[in-house]
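Chemist: Hey, dropping entry.tsv in here, TSV, C-alpha atoms:
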chain	number	residue	atom	x	y	z
A	1	MET	CA	4.24	-14.25	-8.04
A	2	ARG	CA	0.82	-13.05	-9.18
A	3	THR	CA	-2.38	-13.27	-7.19
A	4	GLU	CA	-5.69	-11.48	-7.09
A	5	LEU	CA	-8.60	-10.95	-4.75
A	6	HIS	CA	-12.23	-10.30	-5.69
A	7	ILE	CA	-13.97	-8.69	-2.74
A	8	PRO	CA	-17.25	-6.84	-2.09
A	9	SER	CA	-17.34	-3.06	-1.82
A	10	ASP	CA	-17.80	-2.94	1.92
A	11	LEU	CA	-15.44	-1.57	4.53
A	12	GLN	CA	-16.20	-4.53	6.81
A	13	PHE	CA	-13.88	-6.51	4.48
A	14	LEU	CA	-10.95	-4.14	5.00
A	15	SER	CA	-9.06	-6.42	7.40
A	16	ILE	CA	-9.44	-9.31	4.92
A	17	VAL	CA	-7.92	-7.12	2.18
A	18	GLU	CA	-5.02	-6.10	4.44
A	19	ASN	CA	-4.34	-9.67	5.60
A	20	TRP	CA	-4.44	-10.96	2.01
A	21	LEU	CA	-1.89	-8.39	0.82
A	22	LEU	CA	0.51	-8.62	3.74
A	23	GLY	CA	0.18	-12.39	4.05
A	24	SER	CA	0.92	-12.89	0.34
A	25	LEU	CA	4.01	-10.70	0.55
A	26	GLU	CA	5.28	-12.30	3.76
A	27	VAL	CA	5.01	-15.79	2.23
A	28	GLU	CA	7.10	-14.68	-0.75
A	29	LEU	CA	9.61	-12.36	0.92
A	30	GLY	CA	9.97	-14.03	4.32
A	31	ASP	CA	12.07	-12.45	7.03
A	32	HIS	CA	14.15	-10.35	4.65
A	33	VAL	CA	11.89	-7.32	5.08
A	34	ASP	CA	11.49	-4.75	7.85
A	35	TRP	CA	7.84	-5.80	8.26
A	36	PRO	CA	6.83	-3.27	10.93
A	37	ARG	CA	7.82	-0.38	8.66
A	38	GLN	CA	6.73	-1.89	5.34
A	39	SER	CA	3.43	-3.28	6.60
A	40	ASN	CA	2.45	0.14	7.99
A	41	ARG	CA	3.30	1.78	4.67
A	42	LEU	CA	1.43	-0.80	2.57
A	43	ARG	CA	-1.53	-0.94	4.95
A	44	LEU	CA	-2.01	2.85	4.75
A	45	VAL	CA	-1.82	2.80	0.95
A	46	LEU	CA	-4.24	-0.11	0.66
A	47	VAL	CA	-6.71	1.36	3.17
A	48	GLU	CA	-6.71	4.64	1.27
A	49	ALA	CA	-7.21	3.01	-2.13
A	50	TYR	CA	-9.83	0.42	-1.09
A	51	SER	CA	-11.83	2.82	1.08
A	52	ASN	CA	-11.94	5.37	-1.76
A	53	VAL	CA	-13.45	2.73	-4.05
A	54	VAL	CA	-16.02	1.77	-1.41
A	55	ARG	CA	-16.95	5.33	-0.40
A	56	HIS	CA	-16.69	7.14	-3.72
A	57	ALA	CA	-16.55	4.89	-6.80
A	58	HIS	CA	-19.03	2.26	-5.55
A	59	LYS	CA	-20.96	4.58	-3.24
A	60	ASP	CA	-23.86	2.64	-1.68
A	61	GLN	CA	-23.36	-0.32	-4.04
A	62	PRO	CA	-21.74	-3.08	-1.94
A	63	ASN	CA	-22.72	-5.65	-4.58
A	64	LEU	CA	-20.13	-4.21	-6.99
A	65	PRO	CA	-16.92	-6.20	-6.66
A	66	VAL	CA	-13.47	-4.74	-6.23
A	67	LEU	CA	-10.63	-6.56	-7.94
A	68	ILE	CA	-7.20	-6.26	-6.36
A	69	ARG	CA	-4.20	-7.71	-8.18
A	70	LEU	CA	-0.75	-8.14	-6.73
A	71	GLU	CA	2.36	-8.91	-8.72
A	72	LEU	CA	5.76	-9.37	-7.12
A	73	GLN	CA	8.99	-9.62	-9.13
A	74	ASP	CA	12.12	-9.82	-7.03
A	75	ARG	CA	11.40	-7.04	-4.53
A	76	ASP	CA	9.19	-4.90	-6.79
A	77	ILE	CA	5.45	-4.92	-6.18
A	78	ALA	CA	2.67	-3.77	-8.48
A	79	LEU	CA	-0.75	-3.45	-6.90
A	80	GLU	CA	-3.82	-2.78	-9.04
A	81	ILE	CA	-7.21	-1.80	-7.62
A	82	TRP	CA	-10.03	-2.08	-10.18
A	83	ASP	CA	-13.48	-0.51	-9.69
A	84	HIS	CA	-16.71	-0.05	-11.66
A	85	GLY	CA	-17.37	3.58	-10.71
A	86	GLN	CA	-17.59	6.77	-12.75
A	87	GLY	CA	-13.91	7.41	-12.18
A	88	PHE	CA	-12.03	10.40	-10.90
A	89	ASP	CA	-10.82	13.14	-13.23
A	90	LEU	CA	-7.30	13.85	-12.02
A	91	SER	CA	-7.21	17.13	-13.93
A	92	THR	CA	-9.64	18.53	-11.32
A	93	TYR	CA	-7.47	17.47	-8.37
A	94	LEU	CA	-6.02	20.29	-6.30
A	95	PRO	CA	-3.49	19.22	-3.68
A	96	PRO	CA	-4.38	20.33	-0.16
A	97	THR	CA	-2.64	23.38	1.20
A	98	PRO	CA	-1.85	23.87	4.90
A	99	GLU	CA	-3.80	27.13	5.12
A	100	ALA	CA	-6.96	25.59	3.62
A	101	LYS	CA	-7.43	23.22	6.60
A	102	GLN	CA	-9.47	20.90	4.40
A	103	GLU	CA	-10.69	17.57	5.72
A	104	SER	CA	-10.44	15.54	2.51
A	105	GLY	CA	-8.33	15.35	-0.63
A	106	TYR	CA	-5.21	13.91	0.98
A	107	GLY	CA	-5.47	10.42	-0.54
A	108	TRP	CA	-3.71	11.14	-3.82
A	109	LEU	CA	-0.97	12.96	-1.94
A	110	ILE	CA	-0.52	10.04	0.50
A	111	LEU	CA	-0.36	7.49	-2.32
A	112	ASN	CA	2.25	9.49	-4.22
A	113	ARG	CA	4.40	10.03	-1.14
A	114	LEU	CA	4.40	6.39	-0.02
A	115	MET	CA	4.73	4.64	-3.37
A	116	ASP	CA	7.38	4.90	-6.08
A	117	ARG	CA	4.86	5.21	-8.90
A	118	VAL	CA	1.10	5.89	-8.98
A	119	GLU	CA	-0.97	5.65	-12.14
A	120	TYR	CA	-4.73	6.01	-12.60
A	121	ARG	CA	-6.52	4.91	-15.75
A	122	LEU	CA	-10.15	5.80	-16.39
A	123	GLN	CA	-12.52	3.33	-18.03
A	124	VAL	CA	-10.41	0.44	-19.26
A	125	ASN	CA	-13.02	-2.06	-20.51
A	126	GLY	CA	-15.66	-0.35	-18.36
A	127	LYS	CA	-13.51	-0.26	-15.21
A	128	ASN	CA	-11.03	2.12	-13.61
A	129	CYS	CA	-7.59	1.02	-12.48
A	130	LEU	CA	-5.36	2.49	-9.82
A	131	LYS	CA	-1.87	1.03	-10.17
A	132	LEU	CA	0.61	1.42	-7.33
A	133	GLU	CA	4.24	0.37	-7.63
A	134	ALA	CA	7.04	0.24	-5.11
A	135	SER	CA	10.23	-1.57	-4.34
A	136	ILE	CA	10.38	-3.31	-0.97
A	137	PRO	CA	13.83	-2.75	0.53
A	138	GLU	CA	15.66	-5.64	2.10
A	139	ALA	CA	15.83	-5.49	5.88
A	140	LYS	CA	19.13	-4.27	7.23
A	141	PRO	CA	20.73	-6.78	9.54
A	142	ALA	CA	20.65	-5.84	13.20
A	143	PRO	CA	23.93	-4.27	14.26
A	144	VAL	CA	26.18	-6.56	16.24
A	145	GLU	CA	27.00	-4.98	19.55
A	146	LYS	CA	30.61	-5.15	20.59
A	147	ALA	CA	31.24	-6.45	24.07
A	148	GLU	CA	33.27	-4.15	26.23
A	149	ALA	CA	36.80	-5.31	26.76
A	150	ALA	CA	37.26	-6.95	30.12
A	151	PRO	CA	39.58	-5.07	32.44
A	152	THR	CA	43.05	-6.50	32.69
A	153	PHE	CA	44.87	-6.89	35.96
A	154	THR	CA	48.59	-6.78	36.25
A	155	GLY	CA	48.71	-7.84	39.87
A	156	LYS	CA	50.16	-4.47	40.96
A	157	GLU	CA	46.79	-2.84	41.68
A	158	GLY	CA	46.07	-2.28	45.09
Can the structure in the file be given as structure tokens, please?
Modeler:
Amino acid sequence: MRTELHIPSDLQFLSIVENWLLGSLEVELGDHVDWPRQSNRLRLVLVEAYSNVVRHAHKDQPNLPVLIRLELQDRDIALEIWDHGQGFDLSTYLPPTPEAKQESGYGWLILNRLMDRVEYRLQVNGKNCLKLEASIPEAKPAPVEKAEAAPTFTGKEG
């Protein structure tokens, strides 16, 4: 399955982006996924990626569109977020350290922890592309609880 969404650079559209992604995946994968866990993971990744485009790449330019592509093969997803900004030079990225108590800079770390593969390409045909890949595990069936054995009576109790 392949689908894409063209959406304005405005955080008011964030719930539409989330619903599009999760709805598309639920249609394809059905009940075979632990949706509470996977939807939280994917929502956090998507919020981080889309909000970075809106706040940094397309800063104060809501007319610039964001293109989000989703491809699903078996249980493997590839999500691409395309923007028209200047791009981010990853060679300048310094991961946050606990003692620094910094307020920003955690996005790249979050993306890499929650996804299997993260790739960022600067200026491909005038756009930047953040590609996120992950495998969606199949939901484990709920354990079947064993009923306690009923007590047996021999008729000598008493």
Chemist: Find the distance between atom CA of Pro8 of chain A and atom CA of Arg69 of chain A and write it in Å to one decimal.
Modeler: 14.4 Å
Chemist: Can you pull out the residues contacting segment 116-124 of chain A? Cut-off 6 Å, using all atoms listed in the file, and skip same-chain residues under 4 positions away; I want them as number ranges by chain.
Modeler: A: 87, 128-134
Chemist: Selected residues, C-alpha atoms, written as a PDB file, in the frame of the given file, please.
Modeler:
ATOM      1  CA  GLY A  87     -13.910   7.410 -12.180  1.00  0.00           C
ATOM      2  CA  ASN A 128     -11.030   2.120 -13.610  1.00  0.00           C
ATOM      3  CA  CYS A 129      -7.590   1.020 -12.480  1.00  0.00           C
ATOM      4  CA  LEU A 130      -5.360   2.490  -9.820  1.00  0.00           C
ATOM      5  CA  LYS A 131      -1.870   1.030 -10.170  1.00  0.00           C
ATOM      6  CA  LEU A 132       0.610   1.420  -7.330  1.00  0.00           C
ATOM      7  CA  GLU A 133       4.240   0.370  -7.630  1.00  0.00           C
ATOM      8  CA  ALA A 134       7.040   0.240  -5.110  1.00  0.00           C
TER       9      ALA A 134
END
Chemist: Using only C-alpha atoms, which of the listed residues (A:Lys101, A:Arg2, A:Lys127, A:His84) sits closest to Ala57 of chain A?
Modeler: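 Selected residue with least distance to Ala57 of chain A: A:His84.
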Chemist: Every residue with an atom at most 12 Å from (15.6, -2.6, 3.7) (file coordinates; only C-alpha atoms) is what I'm after, so could you write them as a tab-separated table (two decimals) with C-alpha atoms, in the frame of the given file?
Modeler:
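Heads up, here's the output in result-v1.tsv:
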chain	number	residue	atom	x	y	z
A	29	LEU	CA	9.61	-12.36	0.92
A	31	ASP	CA	12.07	-12.45	7.03
A	32	HIS	CA	14.15	-10.35	4.65
A	33	VAL	CA	11.89	-7.32	5.08
A	34	ASP	CA	11.49	-4.75	7.85
A	35	TRP	CA	7.84	-5.80	8.26
A	36	PRO	CA	6.83	-3.27	10.93
A	37	ARG	CA	7.82	-0.38	8.66
A	38	GLN	CA	6.73	-1.89	5.34
A	75	ARG	CA	11.40	-7.04	-4.53
A	135	SER	CA	10.23	-1.57	-4.34
A	136	ILE	CA	10.38	-3.31	-0.97
A	137	PRO	CA	13.83	-2.75	0.53
A	138	GLU	CA	15.66	-5.64	2.10
A	139	ALA	CA	15.83	-5.49	5.88
A	140	LYS	CA	19.13	-4.27	7.23
A	141	PRO	CA	20.73	-6.78	9.54
A	142	ALA	CA	20.65	-5.84	13.20
Chemist: Could you work out how far atom CA of Val66 of chain A lies from atom CA of His6 of chain A, giving the answer in Å with one decimal?
Modeler: 5.7 Å
Chemist: Show me, as an MDAnalysis selection string, the residues that have an atom within 12 Å of Trp20 of chain A when counting only C-alpha atoms, minus same-chain residues fewer than 4 positions from it.
Modeler: chainID A and resid 3:7 13:16 24:27 39 42:43 46 68:70
Chemist: Report, in Å to a single decimal, how far apart atom CA of Leu64 of chain A and atom CA of Leu11 of chain A are.
Modeler: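 A separation of 12.7 Å between them.
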Chemist: For a quick check of your reading of the model, name the residues lying within 12 Å of the coordinate (-19.2, 1.7, -4.3), counting all atoms listed in the file, and write them as a list in words.
Modeler: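 Checking each residue against the 12 Å limit leaves Ile7, Pro8, Ser9, Asp10, Leu11, Tyr50, Ser51, Asn52, Val53, Val54, Arg55, His56, Ala57, His58, Lys59, Asp60, Gln61, Pro62, Asn63, Leu64, Pro65, Val66, Trp82, Asp83, His84, Gly85, Gln86 and Gly87 of chain A.
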Chemist: Find the residues near Pro95 of chain A: any atom within 7 Å, counting only C-alpha atoms, skip ones fewer than 2 places away on the same chain, and give them as a PyMOL selection string.
Modeler: chain A and resi 93+97+105+109
Chemist: Taking every listed atom of segment 1-18 of chain A and adding 3 Å to each side, what centre and edge lengths in Å (one decimal) does the axis-aligned box have, as JSON?
Modeler:
{"center_x": -6.8, "center_y": -7.9, "center_z": -0.9, "size_x": 28.0, "size_y": 18.7, "size_z": 22.6}
Chemist: With distances taken over all atoms listed in the file, which of A:Val45, A:Leu67, A:Ala100, A:Ala78 is nearest to Asn112 of chain A?
Modeler: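 Looking at the shortest contact to Asn112 of chain A, the residue is A:Val45.
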Chemist: How about completing segment 115-127 of chain A with N, CA, C and O atoms and giving it to me as a compact mmCIF listing (two decimals), keeping the file's coordinate frame?
Modeler:
# COMPACT_ATOMS: atom_id res chain seq x y z
N MET A 115 4.42 5.60 -2.32
CA MET A 115 4.73 4.64 -3.37
C MET A 115 5.70 5.27 -4.36
O MET A 115 5.80 6.49 -4.47
N ASP A 116 6.42 4.41 -5.09
CA ASP A 116 7.38 4.90 -6.08
C ASP A 116 6.69 5.43 -7.33
O ASP A 116 7.16 6.37 -7.96
N ARG A 117 5.57 4.81 -7.69
CA ARG A 117 4.86 5.21 -8.90
C ARG A 117 3.37 4.99 -8.68
O ARG A 117 2.96 3.95 -8.16
N VAL A 118 2.57 5.97 -9.09
CA VAL A 118 1.10 5.89 -8.98
C VAL A 118 0.53 6.27 -10.34
O VAL A 118 0.88 7.30 -10.91
N GLU A 119 -0.36 5.42 -10.83
CA GLU A 119 -0.97 5.65 -12.14
C GLU A 119 -2.46 5.37 -12.02
O GLU A 119 -2.86 4.40 -11.38
N TYR A 120 -3.28 6.21 -12.63
CA TYR A 120 -4.73 6.01 -12.60
C TYR A 120 -5.25 6.05 -14.02
O TYR A 120 -4.99 7.00 -14.76
N ARG A 121 -5.96 4.99 -14.40
CA ARG A 121 -6.52 4.91 -15.75
C ARG A 121 -8.04 4.84 -15.64
O ARG A 121 -8.59 3.97 -14.98
N LEU A 122 -8.69 5.75 -16.35
CA LEU A 122 -10.15 5.80 -16.39
C LEU A 122 -10.69 4.87 -17.46
O LEU A 122 -10.16 4.84 -18.57
N GLN A 123 -11.72 4.12 -17.11
CA GLN A 123 -12.52 3.33 -18.03
C GLN A 123 -11.71 2.48 -19.01
O GLN A 123 -11.66 2.73 -20.21
N VAL A 124 -11.06 1.47 -18.47
CA VAL A 124 -10.41 0.44 -19.26
C VAL A 124 -11.39 -0.73 -19.27
O VAL A 124 -11.62 -1.35 -18.24
N ASN A 125 -12.01 -1.01 -20.41
CA ASN A 125 -13.02 -2.06 -20.51
C ASN A 125 -14.14 -1.88 -19.48
O ASN A 125 -14.59 -2.82 -18.84
N GLY A 126 -14.56 -0.64 -19.27
CA GLY A 126 -15.66 -0.35 -18.36
C GLY A 126 -15.27 -0.27 -16.90
O GLY A 126 -16.13 -0.15 -16.04
N LYS A 127 -13.98 -0.33 -16.60
CA LYS A 127 -13.51 -0.26 -15.21
C LYS A 127 -12.40 0.78 -15.11
O LYS A 127 -11.80 1.16 -16.11
